[in-house]
$ cat entry.csv   # CSV, C-alpha atoms and all ligand atoms
chain,number,residue,atom,x,y,z
R,1,MET,CA,1.5,-41.7,26.1
R,2,SER,CA,3.6,-40.0,23.5
R,3,THR,CA,2.3,-37.3,21.2
R,4,SER,CA,3.6,-36.3,17.8
R,5,CYS,CA,3.4,-33.0,16.0
R,6,VAL,CA,3.4,-33.0,12.3
R,7,HIS,CA,4.1,-29.6,10.7
R,8,ALA,CA,2.7,-28.9,7.3
R,9,VAL,CA,5.7,-28.5,4.9
R,10,PRO,CA,4.9,-27.3,1.4
R,11,LEU,CA,6.1,-29.7,-1.2
R,12,ASP,CA,6.8,-27.0,-3.8
R,13,LYS,CA,7.8,-23.4,-3.9
R,14,THR,CA,4.2,-22.1,-4.3
R,15,PRO,CA,3.4,-20.2,-1.1
R,16,ARG,CA,0.0,-20.6,0.4
R,17,VAL,CA,-2.1,-17.8,1.7
R,18,ARG,CA,-2.0,-18.6,5.4
R,19,THR,CA,-4.7,-16.4,6.9
R,20,THR,CA,-6.9,-13.5,6.1
R,21,ALA,CA,-8.2,-11.1,8.7
R,22,GLN,CA,-10.3,-7.9,8.6
R,23,LEU,CA,-8.4,-4.9,9.7
R,24,PRO,CA,-10.0,-1.5,10.2
R,25,ILE,CA,-7.3,1.1,10.0
R,26,HIS,CA,-7.2,4.9,10.5
R,27,LEU,CA,-5.8,6.8,7.6
R,28,ALA,CA,-3.6,9.9,8.1
R,29,ASP,CA,-6.6,12.2,7.3
R,30,GLY,CA,-8.7,10.6,10.0
R,31,ARG,CA,-10.9,8.5,7.7
R,32,GLU,CA,-11.4,4.8,8.5
R,33,ALA,CA,-10.4,2.2,5.9
R,34,ALA,CA,-11.5,-1.4,5.8
R,35,GLY,CA,-8.5,-3.7,5.1
R,36,VAL,CA,-8.1,-7.4,4.6
R,37,MET,CA,-4.7,-8.8,5.7
R,38,TYR,CA,-3.0,-11.8,4.1
R,39,SER,CA,0.0,-13.7,5.4
R,40,PHE,CA,1.8,-16.4,3.7
R,41,HIS,CA,3.4,-19.7,4.3
R,42,GLY,CA,6.3,-21.0,2.3
R,43,LEU,CA,7.7,-17.9,0.7
R,44,SER,CA,11.2,-18.6,-0.8
R,45,ASP,CA,13.1,-16.3,1.4
R,46,GLY,CA,11.5,-17.5,4.6
R,47,LYS,CA,10.5,-14.1,5.7
R,48,GLU,CA,7.1,-12.9,7.1
R,49,HIS,CA,6.1,-10.4,4.5
R,50,PHE,CA,2.4,-9.5,4.4
R,51,VAL,CA,-0.3,-8.0,2.2
R,52,LEU,CA,-3.0,-5.5,3.1
R,53,ARG,CA,-5.9,-5.2,0.6
R,54,LEU,CA,-7.8,-1.9,0.7
R,55,GLY,CA,-10.8,-0.4,-1.1
R,56,ALA,CA,-13.5,-2.1,-3.1
R,57,GLY,CA,-13.7,-3.6,-6.6
R,58,GLU,CA,-11.0,-5.2,-8.7
R,59,ALA,CA,-9.3,-3.3,-11.4
R,60,GLU,CA,-8.0,-5.1,-14.5
R,61,ALA,CA,-4.4,-4.0,-13.4
R,62,PRO,CA,-4.9,-3.2,-9.7
R,63,LEU,CA,-2.8,-0.7,-7.8
R,64,VAL,CA,0.1,-2.3,-5.8
R,65,ARG,CA,2.4,-0.5,-3.5
R,66,LEU,CA,5.6,-2.5,-2.9
R,67,HIS,CA,6.9,-0.9,0.4
R,68,SER,CA,10.2,-1.9,2.0
R,69,GLU,CA,10.1,-2.0,5.8
R,70,CYS,CA,11.5,1.1,7.5
R,71,THR,CA,11.0,0.8,11.3
R,72,THR,CA,12.5,4.3,11.9
R,73,GLY,CA,10.3,6.0,9.3
R,74,ASP,CA,7.1,3.8,9.2
R,75,VAL,CA,6.8,3.2,12.9
R,76,LEU,CA,8.6,6.1,14.6
R,77,GLY,CA,8.0,8.8,12.0
R,78,SER,CA,11.7,9.5,11.5
R,79,ALA,CA,12.3,12.5,9.2
R,80,ARG,CA,15.6,11.1,8.0
R,81,CYS,CA,13.8,9.4,5.1
R,82,ASP,CA,10.5,9.6,3.2
R,83,CYS,CA,9.2,6.2,4.1
R,84,GLY,CA,6.6,7.2,6.6
R,85,PRO,CA,4.7,9.7,4.4
R,86,GLN,CA,5.1,7.4,1.4
R,87,LEU,CA,3.4,4.6,3.4
R,88,GLN,CA,0.5,6.9,4.6
R,89,GLU,CA,0.0,8.3,1.1
R,90,SER,CA,-0.1,4.7,-0.3
R,91,LEU,CA,-2.7,3.6,2.2
R,92,THR,CA,-4.9,6.6,1.3
R,93,ARG,CA,-4.6,6.0,-2.4
R,94,LEU,CA,-5.3,2.3,-2.0
R,95,HIS,CA,-8.4,3.0,0.1
R,96,GLU,CA,-9.7,5.4,-2.5
R,97,GLU,CA,-8.9,3.4,-5.7
R,98,GLY,CA,-8.7,-0.1,-4.3
R,99,GLY,CA,-5.5,-2.1,-4.3
R,100,TYR,CA,-2.8,-3.9,-2.4
R,101,LEU,CA,0.1,-2.9,0.0
R,102,LEU,CA,2.9,-5.4,0.0
R,103,TYR,CA,4.9,-4.8,3.1
R,104,MET,CA,8.3,-6.3,2.5
R,105,ARG,CA,10.6,-7.2,5.4
R,106,GLN,CA,13.5,-5.5,3.7
R,107,GLU,CA,14.7,-3.1,6.5
R,108,GLY,CA,17.5,-0.9,5.4
R,109,ARG,CA,17.2,-1.9,1.7
R,110,GLY,CA,17.8,-5.5,2.8
R,111,ILE,CA,20.7,-5.1,5.3
R,112,GLY,CA,18.6,-5.1,8.4
R,113,LEU,CA,18.0,-2.5,11.2
R,114,TYR,CA,21.3,-3.1,13.1
R,115,ALA,CA,23.4,-2.4,10.0
R,116,LYS,CA,21.1,0.5,8.9
R,117,LEU,CA,21.8,2.2,12.2
R,118,ASP,CA,25.5,1.7,11.7
R,119,ALA,CA,25.0,3.2,8.2
R,120,TYR,CA,23.3,6.2,9.8
R,121,ARG,CA,26.4,6.8,12.0
R,122,LEU,CA,28.6,6.7,8.8
R,123,GLN,CA,26.2,9.2,7.2
R,124,GLU,CA,26.8,11.5,10.1
R,125,GLN,CA,30.4,11.4,9.1
R,126,GLY,CA,29.7,12.4,5.5
R,127,HIS,CA,29.0,9.2,3.6
R,128,ASP,CA,25.9,9.0,1.5
R,129,THR,CA,23.4,6.2,2.1
R,130,TYR,CA,25.0,3.9,-0.6
R,131,ALA,CA,28.6,4.6,0.3
R,132,ALA,CA,27.7,3.9,4.0
R,133,ASN,CA,26.3,0.5,3.0
R,134,ARG,CA,29.5,-0.3,1.0
R,135,ALA,CA,31.8,0.8,3.9
R,136,LEU,CA,30.0,-1.8,6.0
R,137,GLY,CA,30.6,-4.6,3.5
R,138,HIS,CA,27.0,-4.6,2.1
R,139,GLY,CA,25.7,-4.0,-1.4
R,140,ASP,CA,24.2,-0.6,-2.3
R,141,ASP,CA,20.7,-2.2,-2.3
R,142,GLU,CA,20.3,-5.8,-1.3
R,143,ARG,CA,16.6,-6.1,-2.0
R,144,ASP,CA,15.3,-9.0,-4.0
R,145,TYR,CA,11.6,-9.0,-5.0
R,146,THR,CA,11.2,-12.8,-5.6
R,147,ALA,CA,9.0,-13.1,-2.5
R,148,ALA,CA,6.9,-10.1,-3.7
R,149,ALA,CA,6.3,-11.9,-7.0
R,150,GLU,CA,5.4,-15.1,-5.2
R,151,MET,CA,2.8,-13.2,-3.1
R,152,LEU,CA,1.3,-11.5,-6.1
R,153,LYS,CA,0.9,-14.8,-7.9
R,154,ALA,CA,-0.6,-16.5,-4.9
R,155,LEU,CA,-3.3,-13.8,-4.9
R,156,GLY,CA,-3.8,-14.1,-8.7
R,157,LEU,CA,-2.3,-10.7,-9.4
R,158,THR,CA,-0.1,-11.1,-12.5
R,159,ARG,CA,-0.9,-7.7,-14.1
R,160,ILE,CA,-0.6,-4.7,-11.9
R,161,THR,CA,-0.1,-0.9,-11.7
R,162,LEU,CA,2.9,-0.2,-9.4
R,163,ILE,CA,3.2,2.7,-7.1
R,164,THR,CA,6.9,3.6,-6.9
R,165,ASN,CA,9.7,5.9,-8.0
R,166,ASN,CA,12.2,3.1,-8.1
R,167,PRO,CA,12.8,1.7,-11.6
R,168,ASP,CA,14.5,-1.5,-10.1
R,169,LYS,CA,11.2,-2.6,-8.6
R,170,ARG,CA,9.5,-2.6,-12.0
R,171,ALA,CA,12.4,-4.3,-13.7
R,172,GLN,CA,12.7,-7.1,-11.1
R,173,LEU,CA,9.0,-7.8,-11.0
R,174,GLU,CA,8.8,-8.0,-14.8
R,175,ALA,CA,11.8,-10.4,-14.8
R,176,LEU,CA,9.8,-12.5,-12.3
R,177,GLY,CA,6.7,-12.8,-14.5
R,178,ILE,CA,4.6,-9.9,-13.2
R,179,GLU,CA,3.3,-7.6,-15.9
R,180,VAL,CA,3.6,-4.0,-14.8
R,181,ALA,CA,1.0,-2.3,-16.9
R,182,GLY,CA,1.7,1.2,-15.5
R,183,VAL,CA,3.7,3.0,-12.8
R,184,ARG,CA,2.4,5.7,-10.6
R,185,PRO,CA,5.0,7.9,-8.8
R,186,THR,CA,4.7,8.5,-5.0
R,187,GLY,CA,4.6,12.0,-3.8
R,188,VAL,CA,7.9,13.9,-3.0
R,189,PHE,CA,8.2,14.3,0.7
R,190,SER,CA,11.4,16.3,1.2
R,191,GLY,CA,12.6,18.2,4.2
R,192,ARG,CA,15.8,19.4,5.8
R,193,HIS,CA,16.5,16.1,7.4
R,194,ASN,CA,16.1,13.9,4.3
R,195,LEU,CA,17.2,16.0,1.4
R,196,ARG,CA,20.6,14.4,1.0
R,197,TYR,CA,19.0,11.0,1.3
R,198,LEU,CA,16.6,11.8,-1.5
R,199,GLU,CA,19.3,13.4,-3.7
R,200,ALA,CA,21.4,10.2,-3.3
R,201,LYS,CA,18.4,8.1,-4.6
R,202,VAL,CA,18.1,10.3,-7.7
R,203,ARG,CA,21.8,10.3,-8.4
R,204,HIS,CA,22.5,6.7,-7.6
R,205,THR,CA,19.5,4.6,-8.4
R,206,ARG,CA,17.6,6.9,-10.8
R,207,HIS,CA,14.6,7.2,-8.6
R,208,THR,CA,12.1,9.3,-10.5
R,209,LEU,CA,11.9,12.2,-8.0
R,210,VAL,CA,12.0,15.8,-8.8
R,211,LEU,CA,13.4,17.6,-5.8
R,212,PRO,CA,13.1,21.3,-4.9
R,213,GLY,CA,15.6,23.3,-6.9
R,214,ALA,CA,16.3,20.4,-9.3
R,215,THR,CA,15.5,20.2,-13.0
R,216,GLU,CA,13.7,17.2,-14.4
R,217,GLU,CA,16.7,16.1,-16.3
R,218,ALA,CA,19.1,16.4,-13.3
Q,301,LIG,N1,20.8,1.0,4.1
Q,301,LIG,C1,20.0,2.1,4.3
Q,301,LIG,N2,18.7,1.9,4.1
Q,301,LIG,C2,17.9,2.9,4.3
Q,301,LIG,C3,18.4,4.2,4.7
Q,301,LIG,N3,17.3,5.0,4.9
Q,301,LIG,C4,16.2,4.3,4.6
Q,301,LIG,N4,16.5,3.0,4.2
Q,301,LIG,C5,15.7,1.9,3.8
Q,301,LIG,O1,15.4,2.2,2.4
Q,301,LIG,C6,14.2,1.4,2.1
Q,301,LIG,C7,13.3,2.3,1.2
Q,301,LIG,O2,14.0,2.5,0.1
Q,301,LIG,P1,14.1,3.8,-0.7
Q,301,LIG,O3,15.3,3.8,-1.6
Q,301,LIG,O4,13.8,5.0,0.2
Q,301,LIG,O5,12.8,3.8,-1.7
Q,301,LIG,P2,12.4,2.6,-2.6
Q,301,LIG,O6,11.6,1.7,-1.8
Q,301,LIG,O7,13.6,2.1,-3.4
Q,301,LIG,O8,11.5,3.4,-3.7
Q,301,LIG,P3,10.0,3.9,-3.7
Q,301,LIG,O9,9.2,2.7,-4.2
Q,301,LIG,O10,10.0,5.0,-4.7
Q,301,LIG,O11,9.7,4.3,-2.3
Q,301,LIG,C8,13.6,1.0,3.4
Q,301,LIG,O12,13.9,-0.4,3.6
Q,301,LIG,C9,14.4,1.8,4.5
Q,301,LIG,O13,14.6,1.1,5.7
Q,301,LIG,C10,19.8,4.3,4.9
Q,301,LIG,O14,20.3,5.4,5.2
Q,301,LIG,N5,20.5,3.3,4.7
Q,302,ZN,ZN,12.8,5.1,5.7

$ encode --input "entry.csv" --output "structure tokens"
Amino acid sequence: MSTSCVHAVPLDKTPRVRTTAQLPIHLADGREAAGVMYSFHGLSDGKEHFVLRLGAGEAEAPLVRLHSECTTGDVLGSARCDCGPQLQESLTRLHEEGGYLLYMRQEGRGIGLYAKLDAYRLQEQGHDTYAANRALGHGDDERDYTAAAEMLKALGLTRITLITNNPDKRAQLEALGIEVAGVRPTGVFSGRHNLRYLEAKVRHTRHTLVLPGATEEA
């Protein structure tokens, strides 16, 4: 007897929220937070981004952290960037005020881990993070937030307060039909290993970071 397997294929570009699951998580300060995790089916870039909702209540323009994947920083605690502490800070804020973490599979500003590690080698030879990308034939920043806007809309979130220092995130989301009612900066997590990386973000992509020893206009 033959069997057939029919996969559900979405007929339009609207993603469906695929699953939700309770996820108790430990915050950096030792407290426990209650999360709900959402995954999606049918996002336009075909990647497996996810959302974690934390805290209680629903603000009129809920807090949203749009966080780009950084395996070295988020998972391993690498000090070459500020991603790990930014992620922990966001989880704490979202737990306290209520809101959503969108974890975007955009490793290396969209170039992937393999190329990011090549870029690290070039940085050891003196390139900054953006020049290293270009030397490898990539754009300075290849991130596209279409899938983020799709996820927000699928959750009914069309007016948000965004946690970021990156003006491009706000601009892209607004162009995609998400109203960004306000922006909250992340903390500044600088150290001897990531100072050049942070300086390059300010110089090159106008991240709103005030670094030690810099003036606000710099
Ligand atoms: N290509 C490349 N990507 C990097 C490097 N270091 C970190 N990343 C990636 O950069 C992304 C985070 O981007 P950032 O520019 O640090 O910050 P942002 O997300 O634009 O801005 P915020 O919202 O303020 O955090 C993650 O996907 C990291 O994997 C690097 O040296 N080269
Ligand atoms: Zn990082």

$ residues_around --input "entry.csv" --residues "R:Glu107" --least-positions-apart "5" --cutoff "6 Å" --atoms "all atoms listed in the file" --output "ChimeraX atom specification"
/R:69-70,112-113

$ write_last_selection --input "entry.csv" --atoms "C-alpha atoms" --output "short mmCIF file (atom, residue, chain, number, x, y, z; two decimals), in the coordinates of the input"
data_model
loop_
_atom_site.label_atom_id
_atom_site.label_comp_id
_atom_site.auth_asym_id
_atom_site.auth_seq_id
_atom_site.Cartn_x
_atom_site.Cartn_y
_atom_site.Cartn_z
CA GLU R 69 10.10 -2.00 5.80
CA CYS R 70 11.50 1.10 7.50
CA GLY R 112 18.60 -5.10 8.40
CA LEU R 113 18.00 -2.50 11.20
#

$ closest_atom_pairs --input "entry.csv" --of "chain R" --to "ligand LIG 301 (chain Q)" --cutoff "6 Å" --atoms "all atoms listed in the file" --output "Markdown table"
| residue | atom | partner | partner_atom | distance |
| --- | --- | --- | --- | --- |
| R:His67 | CA | Q:LIG301 | O6 | 5.8 |
| R:Ser68 | CA | Q:LIG301 | O12 | 4.3 |
| R:Glu69 | CA | Q:LIG301 | O12 | 4.7 |
| R:Cys70 | CA | Q:LIG301 | O13 | 3.6 |
| R:Cys81 | CA | Q:LIG301 | N3 | 5.6 |
| R:Gln106 | CA | Q:LIG301 | O12 | 5.1 |
| R:Glu107 | CA | Q:LIG301 | O12 | 4.0 |
| R:Gly108 | CA | Q:LIG301 | N2 | 3.3 |
| R:Arg109 | CA | Q:LIG301 | O12 | 4.1 |
| R:Lys116 | CA | Q:LIG301 | N1 | 4.8 |
| R:Ala119 | CA | Q:LIG301 | N5 | 5.7 |
| R:Tyr120 | CA | Q:LIG301 | O14 | 5.5 |
| R:Thr129 | CA | Q:LIG301 | O14 | 4.5 |
| R:Asn133 | CA | Q:LIG301 | N1 | 5.6 |
| R:Thr164 | CA | Q:LIG301 | O9 | 3.7 |
| R:Asn165 | CA | Q:LIG301 | O10 | 3.4 |
| R:Asn166 | CA | Q:LIG301 | O8 | 4.5 |

$ residues_around --input "entry.csv" --residues "stretch 35-42 of chain R" --least-positions-apart "2" --cutoff "6 Å" --atoms "all atoms listed in the file" --output "list in words"
Pro15, Arg16, Val17, Arg18, Thr19, Thr20, Ala21, Gln22, Leu23, Pro24, Phe50, Val51, Leu52, Arg53 and Leu54 of chain R

$ atom_distance --input "entry.csv" --atom1 "atom CA of R:Arg143" --atom2 "atom CA of R:Gly126"
23.9 Å

$ residues_around --input "entry.csv" --residues "R:Ala28" --least-positions-apart "6" --cutoff "12 Å" --atoms "all atoms listed in the file" --output "ChimeraX atom specification"
/R:84-93,95

$ closest_residue --input "entry.csv" --among "R:Val180, R:Leu27, R:Leu173, R:Leu198" --to "R:Met151" --atoms "all atoms listed in the file"
R:Leu173

$ atom_distance --input "entry.csv" --atom1 "atom CA of R:Glu142" --atom2 "atom CA of R:His207"
16.0 Å

$ closest_residue --input "entry.csv" --among "R:Gly30, R:Gly46, R:Gly73, R:Gly55" --to "ligand ZN 302 (chain Q)" --atoms "all atoms listed in the file"
R:Gly73

$ closest_residue --input "entry.csv" --among "R:Thr161, R:Thr71, R:Thr14, R:Gln123" --to "ligand ZN 302 (chain Q)" --atoms "only C-alpha atoms and all ligand atoms"
R:Thr71

$ closest_residue --input "entry.csv" --among "R:Val75, R:Glu199, R:Leu63, R:Tyr103" --to "R:Pro185" --atoms "all atoms listed in the file"
R:Leu63

$ atom_distance --input "entry.csv" --atom1 "atom CA of R:Leu102" --atom2 "atom CA of R:Tyr197"
23.0 Å

$ residues_near_point --input "entry.csv" --point "(1.6, -11.2, -8.2)" --cutoff "10 Å" --atoms "only C-alpha atoms" --output "list in words"
Val64, Ala147, Ala148, Ala149, Glu150, Met151, Leu152, Lys153, Ala154, Leu155, Gly156, Leu157, Thr158, Arg159, Ile160, Leu173, Leu176, Gly177, Ile178, Glu179 and Val180 of chain R

$ closest_residue --input "entry.csv" --among "R:Arg105, R:His26, R:Arg65, R:Arg31" --to "R:Lys169" --atoms "all atoms listed in the file"
R:Arg65

$ closest_residue --input "entry.csv" --among "R:Glu97, R:Tyr145, R:Glu58, R:Phe189" --to "ligand ZN 302 (chain Q)" --atoms "all atoms listed in the file"
R:Phe189

$ build_atoms --input "entry.csv" --residues "stretch 179-192 of chain R" --atoms "N, CA and C atoms" --output "mmCIF file, in the coordinates of the input"
data_model
loop_
_atom_site.group_PDB
_atom_site.id
_atom_site.type_symbol
_atom_site.label_atom_id
_atom_site.label_comp_id
_atom_site.auth_asym_id
_atom_site.auth_seq_id
_atom_site.Cartn_x
_atom_site.Cartn_y
_atom_site.Cartn_z
ATOM 1 N N GLU R 179 3.417 -8.653 -14.929
ATOM 2 C CA GLU R 179 3.300 -7.600 -15.900
ATOM 3 C C GLU R 179 2.961 -6.284 -15.236
ATOM 4 N N VAL R 180 3.839 -5.308 -15.410
ATOM 5 C CA VAL R 180 3.600 -4.000 -14.800
ATOM 6 C C VAL R 180 2.992 -3.107 -15.898
ATOM 7 N N ALA R 181 1.671 -2.985 -15.856
ATOM 8 C CA ALA R 181 1.000 -2.300 -16.900
ATOM 9 C C ALA R 181 1.184 -0.767 -16.825
ATOM 10 N N GLY R 182 1.479 -0.274 -15.649
ATOM 11 C CA GLY R 182 1.700 1.200 -15.500
ATOM 12 C C GLY R 182 2.420 1.399 -14.149
ATOM 13 N N VAL R 183 3.044 2.578 -14.062
ATOM 14 C CA VAL R 183 3.700 3.000 -12.800
ATOM 15 C C VAL R 183 3.186 4.322 -12.390
ATOM 16 N N ARG R 184 2.832 4.427 -11.137
ATOM 17 C CA ARG R 184 2.400 5.700 -10.600
ATOM 18 C C ARG R 184 3.489 6.163 -9.580
ATOM 19 N N PRO R 185 3.973 7.386 -9.708
ATOM 20 C CA PRO R 185 5.000 7.900 -8.800
ATOM 21 C C PRO R 185 4.379 8.106 -7.380
ATOM 22 N N THR R 186 5.205 8.037 -6.367
ATOM 23 C CA THR R 186 4.700 8.500 -5.000
ATOM 24 C C THR R 186 4.960 9.984 -4.972
ATOM 25 N N GLY R 187 4.396 10.599 -3.967
ATOM 26 C CA GLY R 187 4.600 12.000 -3.800
ATOM 27 C C GLY R 187 6.109 12.254 -3.404
ATOM 28 N N VAL R 188 6.501 13.537 -3.414
ATOM 29 C CA VAL R 188 7.900 13.900 -3.000
ATOM 30 C C VAL R 188 7.763 14.515 -1.616
ATOM 31 N N PHE R 189 8.325 13.829 -0.652
ATOM 32 C CA PHE R 189 8.200 14.300 0.700
ATOM 33 C C PHE R 189 9.606 14.678 1.214
ATOM 34 N N SER R 190 9.999 15.877 0.870
ATOM 35 C CA SER R 190 11.400 16.300 1.200
ATOM 36 C C SER R 190 11.324 17.314 2.350
ATOM 37 N N GLY R 191 12.401 17.300 3.100
ATOM 38 C CA GLY R 191 12.600 18.200 4.200
ATOM 39 C C GLY R 191 14.025 18.363 4.532
ATOM 40 N N ARG R 192 14.339 19.159 5.548
ATOM 41 C CA ARG R 192 15.800 19.400 5.800
ATOM 42 C C ARG R 192 16.522 18.183 6.250
#
